[in-house]
Amino acid sequence: MKVLKFGGTSVGSAKVIQQVQAIVQQQAKQEKVIVVVSAMSGTTDVLLNAGDLAAKGNEDYKNFIQQIEQRHLEAVKVLMPVQNQSSILSLIKKHCNEIEDLCKGIFLLQELSGRTKDKLVSYGELMSSQMIAAAFNANGLPTTWKDSRELIKTNSNFTNAQVIFSQTNTNIATFVEGVATDVILLPGFIASDDNNINTTLGRGGSDYTAAIVAAAVNAGSVEIWTDVSGMMTADPR
């Protein structure tokens with residue numbers, strides 16, 4: 001078994017997501033593959049910006065939500081045949097409506113707590129992972145999507161939660177054992193506490209998600225896929 005993690009720039013457009021599918025399809029011919037994906041590049045920052053604006057009483061937060069929705073809807077229309085699009089388009093619209101409701105609450109309270117921040121940014125990974133899983137299935141790569149929040153349990157240290165490994169390892173191992181498809185797809189970065197309240201593993205947490213999952217299933221390897229050549233020790237730009 002192998003874990004493949006694709007970061008934001010590797011799932012940042014329909015074109016690169018198609019490349020991801022080709023990579024996963026090839027690898028899944030040899031062994032079971034668990035794929036961990038980040039939000040589309042820049043989405044987390046846009047969500048945080050929307051939250052910050054809402055907390056300051058600035059209604060421009062709505063423009064940021066519109067940008068996110070448009071970007072995901074456009075990607076779906078390229079990634080999937082028309083007859084397979086409706087359910088995932090509806091799901092993205094539902095998520096964006098929830099983001100708007102959440103930001104409206106932030107706007108009214110003029111407060112953005114760590115707990116609310118974790119809920120807000122979780123939508124980036126949820127939308128990208130559900131979209132990619134739907135595209136894989138529509139294009140002939142049978143894939144099981146699972147919400148990482150149901151598997152990875154943490155304490156309630158919002159924005160930088162610590163994993164409770166005893167629960168997490170059991171959850172992941174039990175789930176993976178019961179999956180029939182050769183590809184499992186999970187959102188990175190997000191988790192939940194004992195009350196099932198959304199937590200996150202800190203910025204860059206999708207790499208950590210991949211490592212957590214790999215350890216839980218005793219995977220043969222973890223591959224962190226990126227569009228940067230070699231080991232990144234400085235900003236590639």
# chains A, B, ... in the order shown; residues from 1 in each chain; ligands from 1
>>> select_by_dssp(residues="region 4-213 of chain A", states="strand (DSSP E or B)", output="ChimeraX atom specification")
/A:4-6,33-37,143-145,153-154,163,183-187,190-192,198-200
>>> write_last_selection(atoms="N, CA and C atoms", output="PDB file, in the first residue's frame")
ATOM      1  N   LEU A   4      -0.094   8.736  -1.468  1.00  0.00           N
ATOM      2  CA  LEU A   4       0.344   9.819  -2.349  1.00  0.00           C
ATOM      3  C   LEU A   4      -0.311  11.113  -1.886  1.00  0.00           C
ATOM      4  N   LYS A   5       0.493  12.141  -1.686  1.00  0.00           N
ATOM      5  CA  LYS A   5      -0.077  13.428  -1.268  1.00  0.00           C
ATOM      6  C   LYS A   5       0.170  14.469  -2.356  1.00  0.00           C
ATOM      7  N   PHE A   6      -0.882  15.181  -2.733  1.00  0.00           N
ATOM      8  CA  PHE A   6      -0.790  16.224  -3.754  1.00  0.00           C
ATOM      9  C   PHE A   6      -1.160  17.561  -3.119  1.00  0.00           C
ATOM     10  N   VAL A  33      -3.820   2.409  -3.319  1.00  0.00           N
ATOM     11  CA  VAL A  33      -3.280   3.759  -3.164  1.00  0.00           C
ATOM     12  C   VAL A  33      -4.235   4.606  -2.325  1.00  0.00           C
ATOM     13  N   ILE A  34      -3.678   5.292  -1.336  1.00  0.00           N
ATOM     14  CA  ILE A  34      -4.452   6.282  -0.576  1.00  0.00           C
ATOM     15  C   ILE A  34      -3.943   7.660  -1.002  1.00  0.00           C
ATOM     16  N   VAL A  35      -4.842   8.484  -1.508  1.00  0.00           N
ATOM     17  CA  VAL A  35      -4.481   9.810  -2.016  1.00  0.00           C
ATOM     18  C   VAL A  35      -4.959  10.869  -1.019  1.00  0.00           C
ATOM     19  N   VAL A  36      -4.055  11.755  -0.638  1.00  0.00           N
ATOM     20  CA  VAL A  36      -4.386  12.876   0.248  1.00  0.00           C
ATOM     21  C   VAL A  36      -4.215  14.161  -0.553  1.00  0.00           C
ATOM     22  N   VAL A  37      -5.218  15.013  -0.555  1.00  0.00           N
ATOM     23  CA  VAL A  37      -5.125  16.250  -1.338  1.00  0.00           C
ATOM     24  C   VAL A  37      -5.347  17.481  -0.472  1.00  0.00           C
ATOM     25  N   THR A 143     -13.051   5.185  -7.088  1.00  0.00           N
ATOM     26  CA  THR A 143     -12.408   5.841  -5.944  1.00  0.00           C
ATOM     27  C   THR A 143     -13.399   5.969  -4.791  1.00  0.00           C
ATOM     28  N   THR A 144     -12.918   5.684  -3.588  1.00  0.00           N
ATOM     29  CA  THR A 144     -13.727   5.871  -2.380  1.00  0.00           C
ATOM     30  C   THR A 144     -13.268   7.140  -1.671  1.00  0.00           C
ATOM     31  N   TRP A 145     -14.184   8.104  -1.510  1.00  0.00           N
ATOM     32  CA  TRP A 145     -13.869   9.331  -0.768  1.00  0.00           C
ATOM     33  C   TRP A 145     -14.271   9.155   0.686  1.00  0.00           C
ATOM     34  N   LYS A 153      -8.640  11.966  14.899  1.00  0.00           N
ATOM     35  CA  LYS A 153      -9.167  12.583  16.121  1.00  0.00           C
ATOM     36  C   LYS A 153      -8.043  13.348  16.825  1.00  0.00           C
ATOM     37  N   THR A 154      -8.396  14.520  17.334  1.00  0.00           N
ATOM     38  CA  THR A 154      -7.394  15.402  17.945  1.00  0.00           C
ATOM     39  C   THR A 154      -7.930  15.984  19.261  1.00  0.00           C
ATOM     40  N   VAL A 163      -2.801  15.279  17.502  1.00  0.00           N
ATOM     41  CA  VAL A 163      -3.506  14.039  17.162  1.00  0.00           C
ATOM     42  C   VAL A 163      -3.551  13.084  18.357  1.00  0.00           C
ATOM     43  N   VAL A 183      -8.398   2.758  -4.961  1.00  0.00           N
ATOM     44  CA  VAL A 183      -8.039   4.153  -4.664  1.00  0.00           C
ATOM     45  C   VAL A 183      -8.951   4.687  -3.563  1.00  0.00           C
ATOM     46  N   ILE A 184      -8.330   5.241  -2.531  1.00  0.00           N
ATOM     47  CA  ILE A 184      -9.049   5.935  -1.457  1.00  0.00           C
ATOM     48  C   ILE A 184      -8.590   7.388  -1.495  1.00  0.00           C
ATOM     49  N   LEU A 185      -9.522   8.329  -1.392  1.00  0.00           N
ATOM     50  CA  LEU A 185      -9.144   9.739  -1.461  1.00  0.00           C
ATOM     51  C   LEU A 185      -9.608  10.471  -0.208  1.00  0.00           C
ATOM     52  N   LEU A 186      -8.681  11.181   0.424  1.00  0.00           N
ATOM     53  CA  LEU A 186      -8.962  11.887   1.674  1.00  0.00           C
ATOM     54  C   LEU A 186      -8.572  13.358   1.576  1.00  0.00           C
ATOM     55  N   PRO A 187      -9.346  14.247   2.214  1.00  0.00           N
ATOM     56  CA  PRO A 187      -8.891  15.633   2.344  1.00  0.00           C
ATOM     57  C   PRO A 187      -7.788  15.717   3.397  1.00  0.00           C
ATOM     58  N   ILE A 190      -7.531  18.511   7.734  1.00  0.00           N
ATOM     59  CA  ILE A 190      -8.681  18.624   8.637  1.00  0.00           C
ATOM     60  C   ILE A 190      -8.841  17.381   9.510  1.00  0.00           C
ATOM     61  N   ALA A 191      -9.390  17.602  10.697  1.00  0.00           N
ATOM     62  CA  ALA A 191      -9.620  16.540  11.670  1.00  0.00           C
ATOM     63  C   ALA A 191     -10.792  16.970  12.547  1.00  0.00           C
ATOM     64  N   SER A 192     -11.020  16.238  13.660  1.00  0.00           N
ATOM     65  CA  SER A 192     -12.065  16.666  14.598  1.00  0.00           C
ATOM     66  C   SER A 192     -11.714  16.210  16.007  1.00  0.00           C
ATOM     67  N   ASN A 198     -14.838  20.534  14.242  1.00  0.00           N
ATOM     68  CA  ASN A 198     -13.764  20.656  13.256  1.00  0.00           C
ATOM     69  C   ASN A 198     -12.474  21.213  13.860  1.00  0.00           C
ATOM     70  N   THR A 199     -11.359  20.534  13.618  1.00  0.00           N
ATOM     71  CA  THR A 199     -10.036  21.052  13.981  1.00  0.00           C
ATOM     72  C   THR A 199      -9.142  20.985  12.743  1.00  0.00           C
ATOM     73  N   THR A 200      -7.991  21.634  12.805  1.00  0.00           N
ATOM     74  CA  THR A 200      -7.011  21.507  11.724  1.00  0.00           C
ATOM     75  C   THR A 200      -5.639  21.219  12.320  1.00  0.00           C
TER      76      THR A 200
END
>>> select_by_dssp(residues="region 64-232 of chain A", states="alpha helix (DSSP H)", output="MDAnalysis selection string")
chainID A and resid 64:79 86:109 114:138 165:177 205:216
>>> residues_around(residues="Asp207 (chain A)", least_positions_apart="5", cutoff="8 Å", atoms="only C-alpha atoms", output="VMD selection string")
chain A and resid 5 188 to 189 224
>>> write_last_selection(atoms="N, CA and C atoms", output="short mmCIF file (atom, residue, chain, number, x, y, z; two decimals), in the first residue's frame")
data_model
loop_
_atom_site.label_atom_id
_atom_site.label_comp_id
_atom_site.auth_asym_id
_atom_site.auth_seq_id
_atom_site.Cartn_x
_atom_site.Cartn_y
_atom_site.Cartn_z
N LYS A 5 0.49 12.14 -1.69
CA LYS A 5 -0.08 13.43 -1.27
C LYS A 5 0.17 14.47 -2.36
N GLY A 188 -6.74 16.47 3.12
CA GLY A 188 -5.69 16.68 4.10
C GLY A 188 -6.06 17.78 5.09
N PHE A 189 -5.21 17.98 6.12
CA PHE A 189 -5.28 19.18 6.96
C PHE A 189 -6.38 19.18 8.01
N ILE A 224 5.25 12.64 -1.52
CA ILE A 224 4.73 14.01 -1.50
C ILE A 224 4.97 14.60 -2.89
#
>>> closest_residue(among="A:Asn49, A:Thr116, A:Ser128, A:Asn63", to="His95 (chain A)", atoms="only C-alpha atoms")
A:Ser128
>>> atom_distance(atom1="CA of Leu48 (chain A)", atom2="CA of Ile65 (chain A)")
10.6 Å
>>> atom_distance(atom1="CA of Ser10 (chain A)", atom2="CA of Glu125 (chain A)")
13.1 Å
>>> closest_residue(among="A:Leu89, A:Ala22, A:Ala138, A:Met1", to="Glu74 (chain A)", atoms="only C-alpha atoms")
A:Leu89
>>> atom_distance(atom1="CA of Ala134 (chain A)", atom2="CA of Ala211 (chain A)")
24.1 Å
>>> residues_around(residues="Gly12 (chain A)", least_positions_apart="5", cutoff="8 Å", atoms="only C-alpha atoms", output="PyMOL selection string")
chain A and resi 17+39-41
>>> residues_around(residues="Asn155 (chain A)", least_positions_apart="4", cutoff="8 Å", atoms="only C-alpha atoms", output="VMD selection string")
chain A and resid 161 to 164 192 to 194
